[in-house]
Every structure is written in C-alpha cells, then in structure tokens.
>>> print(open('final.pdb').read())   # PDB, C-alpha atoms and all ligand atoms
ATOM      1  CA  MET A   1     -10.272  31.178  -9.034
ATOM      2  CA  ASP A   2     -10.429  28.888  -6.096
ATOM      3  CA  HIS A   3      -8.551  25.651  -6.545
ATOM      4  CA  LYS A   4      -8.358  24.862  -2.862
ATOM      5  CA  LYS A   5     -10.281  21.638  -3.271
ATOM      6  CA  GLU A   6      -7.723  20.333  -5.731
ATOM      7  CA  VAL A   7      -4.746  20.913  -3.472
ATOM      8  CA  PHE A   8      -3.099  17.714  -2.436
ATOM      9  CA  SER A   9      -2.269  17.732   1.250
ATOM     10  CA  PHE A  10       1.135  16.298   2.036
ATOM     11  CA  GLY A  11       0.514  16.616   5.765
ATOM     12  CA  ALA A  12      -2.689  14.630   5.573
ATOM     13  CA  ASN A  13      -1.110  12.083   3.282
ATOM     14  CA  LYS A  14       1.721  11.599   5.763
ATOM     15  CA  LYS A  15      -0.767  10.926   8.561
ATOM     16  CA  TRP A  16      -2.587   8.479   6.336
ATOM     17  CA  LEU A  17       0.601   6.622   5.448
ATOM     18  CA  ALA A  18       1.527   6.477   9.132
ATOM     19  CA  ILE A  19      -1.438   4.149   9.619
ATOM     20  CA  PRO A  20      -0.488   0.473   9.166
ATOM     21  CA  ALA A  21      -1.243  -0.762   5.637
ATOM     22  CA  ALA A  22      -3.615  -3.468   6.867
ATOM     23  CA  THR A  23      -5.638  -0.900   8.815
ATOM     24  CA  ARG A  24      -5.698   1.419   5.816
ATOM     25  CA  LYS A  25      -7.097  -1.380   3.654
ATOM     26  CA  GLU A  26      -9.755  -2.033   6.244
ATOM     27  CA  LEU A  27     -10.711   1.635   6.347
ATOM     28  CA  GLU A  28     -10.844   1.818   2.551
ATOM     29  CA  HIS A  29     -13.230  -1.121   2.481
ATOM     30  CA  ASN A  30     -15.405   0.211   5.236
ATOM     31  CA  VAL A  31     -16.927   3.400   3.895
ATOM     32  CA  TRP A  32     -20.605   4.181   4.114
ATOM     33  CA  CYS A  33     -22.273   5.108   0.846
ATOM     34  CA  SER A  34     -25.596   6.871   1.352
ATOM     35  CA  HIS A  35     -26.553   6.154  -2.253
ATOM     36  CA  CYS A  36     -26.076   2.401  -1.916
ATOM     37  CA  SER A  37     -27.173   2.399   1.751
ATOM     38  CA  ASP A  38     -24.316   0.014   2.242
ATOM     39  CA  VAL A  39     -20.717  -0.279   3.312
ATOM     40  CA  VAL A  40     -18.543  -0.013   0.235
ATOM     41  CA  GLN A  41     -14.968   0.385  -0.869
ATOM     42  CA  ILE A  42     -13.753   3.913  -1.555
ATOM     43  CA  VAL A  43     -11.919   4.276  -4.867
ATOM     44  CA  ASP A  44      -9.984   7.097  -6.562
ATOM     45  CA  PHE A  45      -9.684   8.831  -3.236
ATOM     46  CA  VAL A  46      -7.526  11.668  -2.007
ATOM     47  CA  VAL A  47      -6.439  12.300   1.560
ATOM     48  CA  LYS A  48      -7.329  15.679   2.971
ATOM     49  CA  ASP A  49      -6.689  17.575   6.136
ATOM     50  CA  SER A  50      -9.750  17.973   8.256
ATOM     51  CA  PRO A  51      -8.314  19.034  11.621
ATOM     52  CA  PRO A  52      -8.032  17.362  13.998
ATOM     53  CA  GLU A  53      -8.619  14.420  11.701
ATOM     54  CA  ILE A  54      -7.924  13.522   8.141
ATOM     55  CA  ALA A  55     -10.530  12.686   5.572
ATOM     56  CA  LEU A  56     -10.636  10.403   2.585
ATOM     57  CA  GLU A  57     -12.626  11.770  -0.286
ATOM     58  CA  GLY A  58     -13.346   9.628  -3.273
ATOM     59  CA  LYS A  59     -15.903   7.557  -5.080
ATOM     60  CA  CYS A  60     -18.029   4.620  -4.135
ATOM     61  CA  GLY A  61     -16.656   1.403  -5.611
ATOM     62  CA  LYS A  62     -20.201   0.287  -6.419
ATOM     63  CA  CYS A  63     -22.124   3.271  -7.742
ATOM     64  CA  GLY A  64     -19.341   5.774  -8.416
ATOM     65  CA  LYS A  65     -20.953   8.564  -6.423
ATOM     66  CA  LYS A  66     -18.946  10.726  -4.054
ATOM     67  CA  VAL A  67     -18.186   9.280  -0.649
ATOM     68  CA  ALA A  68     -15.996  10.442   2.206
ATOM     69  CA  ARG A  69     -14.646   8.980   5.373
ATOM     70  CA  PHE A  70     -13.115  10.703   8.365
ATOM     71  CA  ILE A  71     -10.208   9.082  10.134
ATOM     72  CA  ASP A  72      -9.457  10.075  13.693
TER      73      ASP A  72
HETATM   74 ZN    ZN A 101     -22.564   3.742  -3.687
END
>>> encode(input="final.pdb", output="structure tokens")
Amino acid sequence: MDHKKEVFSFGANKKWLAIPAATRKELEHNVWCSHCSDVVQIVDFVVKDSPPEIALEGKCGKCGKKVARFID
C-alpha cells in the first residue's frame, strides 16, 4: 500500500515555520480556490515538500474542496 501522501514532512514543516508568522497568515488567507473562483483561506492544511518549494495542501475555507498553494 502506498501511504506516501499521508507522510508528514518535517523538512517542509521546518521551512514553513521559518517564514514569519505574519507572512504565513497572509499566505494562508491568500489561496486561490478554482471552485469558488475566489481568493480564500486554506484550512486543515498540511505542509509538503515540493522541491524546490514547499506546498500547502488543504481545504477551502468557503466550500471545503481541496486547494493547494505553493510557497517559493
Ligand atoms: Zn472554495
């Protein structure tokens, strides 16, 4: 079985936490949801490695559908 998608990435999380809290909040509130066709807040997200960046993967705060945001 492939549980790769469920693996929490400590490396990615470290990079995420290295970003100032205020900037992180801004990024969390500035995610494009293609379902809402709007900028929304990402909720219930996890931080993943997506070399050379990291990615936030979670749900749209409005409609609950999957959204993701890359951070470079
Ligand atoms: Zn949405």
>>> closest_residue(input="final.pdb", among="A:Ala55, A:Ala22, A:Ala68, A:Leu17", to="ligand ZN 101 (chain A)", atoms="only C-alpha atoms and all ligand atoms")
A:Ala68
>>> resolve_selection(input="final.pdb", expression="the PyMOL selection byres (((not hetatm)) within 10 of (chain A and resi 101))", output="compact mmCIF listing (two decimals) with C-alpha atoms, in the coordinates of the input")
# COMPACT_ATOMS: atom_id res chain seq x y z
CA VAL A 31 -16.93 3.40 3.90
CA TRP A 32 -20.60 4.18 4.11
CA CYS A 33 -22.27 5.11 0.85
CA SER A 34 -25.60 6.87 1.35
CA HIS A 35 -26.55 6.15 -2.25
CA CYS A 36 -26.08 2.40 -1.92
CA SER A 37 -27.17 2.40 1.75
CA ASP A 38 -24.32 0.01 2.24
CA VAL A 39 -20.72 -0.28 3.31
CA VAL A 40 -18.54 -0.01 0.24
CA GLN A 41 -14.97 0.38 -0.87
CA ILE A 42 -13.75 3.91 -1.56
CA LYS A 59 -15.90 7.56 -5.08
CA CYS A 60 -18.03 4.62 -4.14
CA GLY A 61 -16.66 1.40 -5.61
CA LYS A 62 -20.20 0.29 -6.42
CA CYS A 63 -22.12 3.27 -7.74
CA GLY A 64 -19.34 5.77 -8.42
CA LYS A 65 -20.95 8.56 -6.42
CA LYS A 66 -18.95 10.73 -4.05
CA VAL A 67 -18.19 9.28 -0.65
>>> closest_residue(input="final.pdb", among="A:Phe10, A:Val46, A:Gly58, A:Trp16", to="Ile71 in chain A", atoms="all atoms listed in the file")
A:Trp16
>>> atom_distance(input="final.pdb", atom1="CA of Glu57 in chain A", atom2="CA of Ala18 in chain A")
17.8 Å
>>> atom_distance(input="final.pdb", atom1="CA of Lys25 in chain A", atom2="CA of Pro51 in chain A")
21.9 Å
>>> closest_residue(input="final.pdb", among="A:Phe70, A:Glu28, A:Pro20, A:Lys15", to="Ser50 in chain A", atoms="all atoms listed in the file")
A:Phe70
>>> atom_distance(input="final.pdb", atom1="CA of Asn13 in chain A", atom2="CA of Asp49 in chain A")
8.3 Å
>>> decode(input="final.pdb", residues="chain A", atoms="C-alpha atoms", output="PDB file, in the first residue's frame")
ATOM      1  CA  MET A   1       0.000   0.000   0.000  1.00  0.00           C
ATOM      2  CA  ASP A   2       1.130   3.471  -0.755  1.00  0.00           C
ATOM      3  CA  HIS A   3       0.768   5.884   2.118  1.00  0.00           C
ATOM      4  CA  LYS A   4       3.186   8.424   0.730  1.00  0.00           C
ATOM      5  CA  LYS A   5       0.545  11.118   0.575  1.00  0.00           C
ATOM      6  CA  GLU A   6      -0.108  10.800   4.285  1.00  0.00           C
ATOM      7  CA  VAL A   7       3.505  11.241   5.310  1.00  0.00           C
ATOM      8  CA  PHE A   8       4.061  14.395   7.251  1.00  0.00           C
ATOM      9  CA  SER A   9       7.166  16.198   6.074  1.00  0.00           C
ATOM     10  CA  PHE A  10       9.263  17.585   8.891  1.00  0.00           C
ATOM     11  CA  GLY A  11      11.625  19.256   6.438  1.00  0.00           C
ATOM     12  CA  ALA A  12       8.812  21.090   4.717  1.00  0.00           C
ATOM     13  CA  ASN A  13       7.226  21.994   8.018  1.00  0.00           C
ATOM     14  CA  LYS A  14      10.516  23.471   9.200  1.00  0.00           C
ATOM     15  CA  LYS A  15      10.723  25.652   6.090  1.00  0.00           C
ATOM     16  CA  TRP A  16       7.151  26.746   6.635  1.00  0.00           C
ATOM     17  CA  LEU A  17       7.785  27.659  10.264  1.00  0.00           C
ATOM     18  CA  ALA A  18      10.887  29.594   9.222  1.00  0.00           C
ATOM     19  CA  ILE A  19       8.570  32.050   7.477  1.00  0.00           C
ATOM     20  CA  PRO A  20       7.480  34.904   9.776  1.00  0.00           C
ATOM     21  CA  ALA A  21       4.084  34.218  11.373  1.00  0.00           C
ATOM     22  CA  ALA A  22       2.512  37.335   9.864  1.00  0.00           C
ATOM     23  CA  THR A  23       3.594  36.269   6.374  1.00  0.00           C
ATOM     24  CA  ARG A  24       2.300  32.757   6.977  1.00  0.00           C
ATOM     25  CA  LYS A  25      -1.100  34.156   7.951  1.00  0.00           C
ATOM     26  CA  GLU A  26      -1.135  36.226   4.803  1.00  0.00           C
ATOM     27  CA  LEU A  27      -0.297  33.201   2.674  1.00  0.00           C
ATOM     28  CA  GLU A  28      -2.982  31.119   4.385  1.00  0.00           C
ATOM     29  CA  HIS A  29      -5.562  33.774   3.592  1.00  0.00           C
ATOM     30  CA  ASN A  30      -4.458  34.192   0.028  1.00  0.00           C
ATOM     31  CA  VAL A  31      -5.156  30.882  -1.659  1.00  0.00           C
ATOM     32  CA  TRP A  32      -6.953  30.587  -4.955  1.00  0.00           C
ATOM     33  CA  CYS A  33      -9.927  28.246  -4.989  1.00  0.00           C
ATOM     34  CA  SER A  34     -10.945  27.229  -8.502  1.00  0.00           C
ATOM     35  CA  HIS A  35     -14.327  26.076  -7.212  1.00  0.00           C
ATOM     36  CA  CYS A  36     -15.178  29.431  -5.651  1.00  0.00           C
ATOM     37  CA  SER A  37     -13.267  31.380  -8.334  1.00  0.00           C
ATOM     38  CA  ASP A  38     -12.059  33.471  -5.461  1.00  0.00           C
ATOM     39  CA  VAL A  39      -9.224  34.011  -3.041  1.00  0.00           C
ATOM     40  CA  VAL A  40      -9.968  32.059   0.107  1.00  0.00           C
ATOM     41  CA  GLN A  41      -8.423  30.900   3.336  1.00  0.00           C
ATOM     42  CA  ILE A  42      -6.870  27.439   3.365  1.00  0.00           C
ATOM     43  CA  VAL A  43      -7.951  25.309   6.326  1.00  0.00           C
ATOM     44  CA  ASP A  44      -6.930  21.889   7.679  1.00  0.00           C
ATOM     45  CA  PHE A  45      -3.771  22.075   5.643  1.00  0.00           C
ATOM     46  CA  VAL A  46      -0.552  20.114   5.717  1.00  0.00           C
ATOM     47  CA  VAL A  47       2.851  21.312   4.581  1.00  0.00           C
ATOM     48  CA  LYS A  48       4.544  19.196   1.962  1.00  0.00           C
ATOM     49  CA  ASP A  49       7.856  19.137   0.215  1.00  0.00           C
ATOM     50  CA  SER A  50       7.631  20.095  -3.399  1.00  0.00           C
ATOM     51  CA  PRO A  51      11.261  20.796  -4.313  1.00  0.00           C
ATOM     52  CA  PRO A  52      12.491  23.421  -4.666  1.00  0.00           C
ATOM     53  CA  GLU A  53       9.438  24.816  -2.931  1.00  0.00           C
ATOM     54  CA  ILE A  54       7.026  23.723  -0.294  1.00  0.00           C
ATOM     55  CA  ALA A  55       3.327  23.317  -0.780  1.00  0.00           C
ATOM     56  CA  LEU A  56       0.322  23.760   1.439  1.00  0.00           C
ATOM     57  CA  GLU A  57      -2.407  21.268   0.797  1.00  0.00           C
ATOM     58  CA  GLY A  58      -5.732  21.634   2.479  1.00  0.00           C
ATOM     59  CA  LYS A  59      -9.321  22.672   2.100  1.00  0.00           C
ATOM     60  CA  CYS A  60     -11.028  25.823   1.010  1.00  0.00           C
ATOM     61  CA  GLY A  61     -12.412  27.732   3.985  1.00  0.00           C
ATOM     62  CA  LYS A  62     -15.548  28.531   1.986  1.00  0.00           C
ATOM     63  CA  CYS A  63     -16.552  25.435   0.046  1.00  0.00           C
ATOM     64  CA  GLY A  64     -14.414  22.747   1.678  1.00  0.00           C
ATOM     65  CA  LYS A  65     -12.968  21.484  -1.588  1.00  0.00           C
ATOM     66  CA  LYS A  66      -9.286  20.694  -1.955  1.00  0.00           C
ATOM     67  CA  VAL A  67      -6.960  23.615  -2.521  1.00  0.00           C
ATOM     68  CA  ALA A  68      -3.192  23.916  -2.623  1.00  0.00           C
ATOM     69  CA  ARG A  69      -0.679  26.687  -2.599  1.00  0.00           C
ATOM     70  CA  PHE A  70       2.990  26.625  -3.492  1.00  0.00           C
ATOM     71  CA  ILE A  71       5.407  28.708  -1.488  1.00  0.00           C
ATOM     72  CA  ASP A  72       8.733  29.616  -3.016  1.00  0.00           C
TER      73      ASP A  72
END
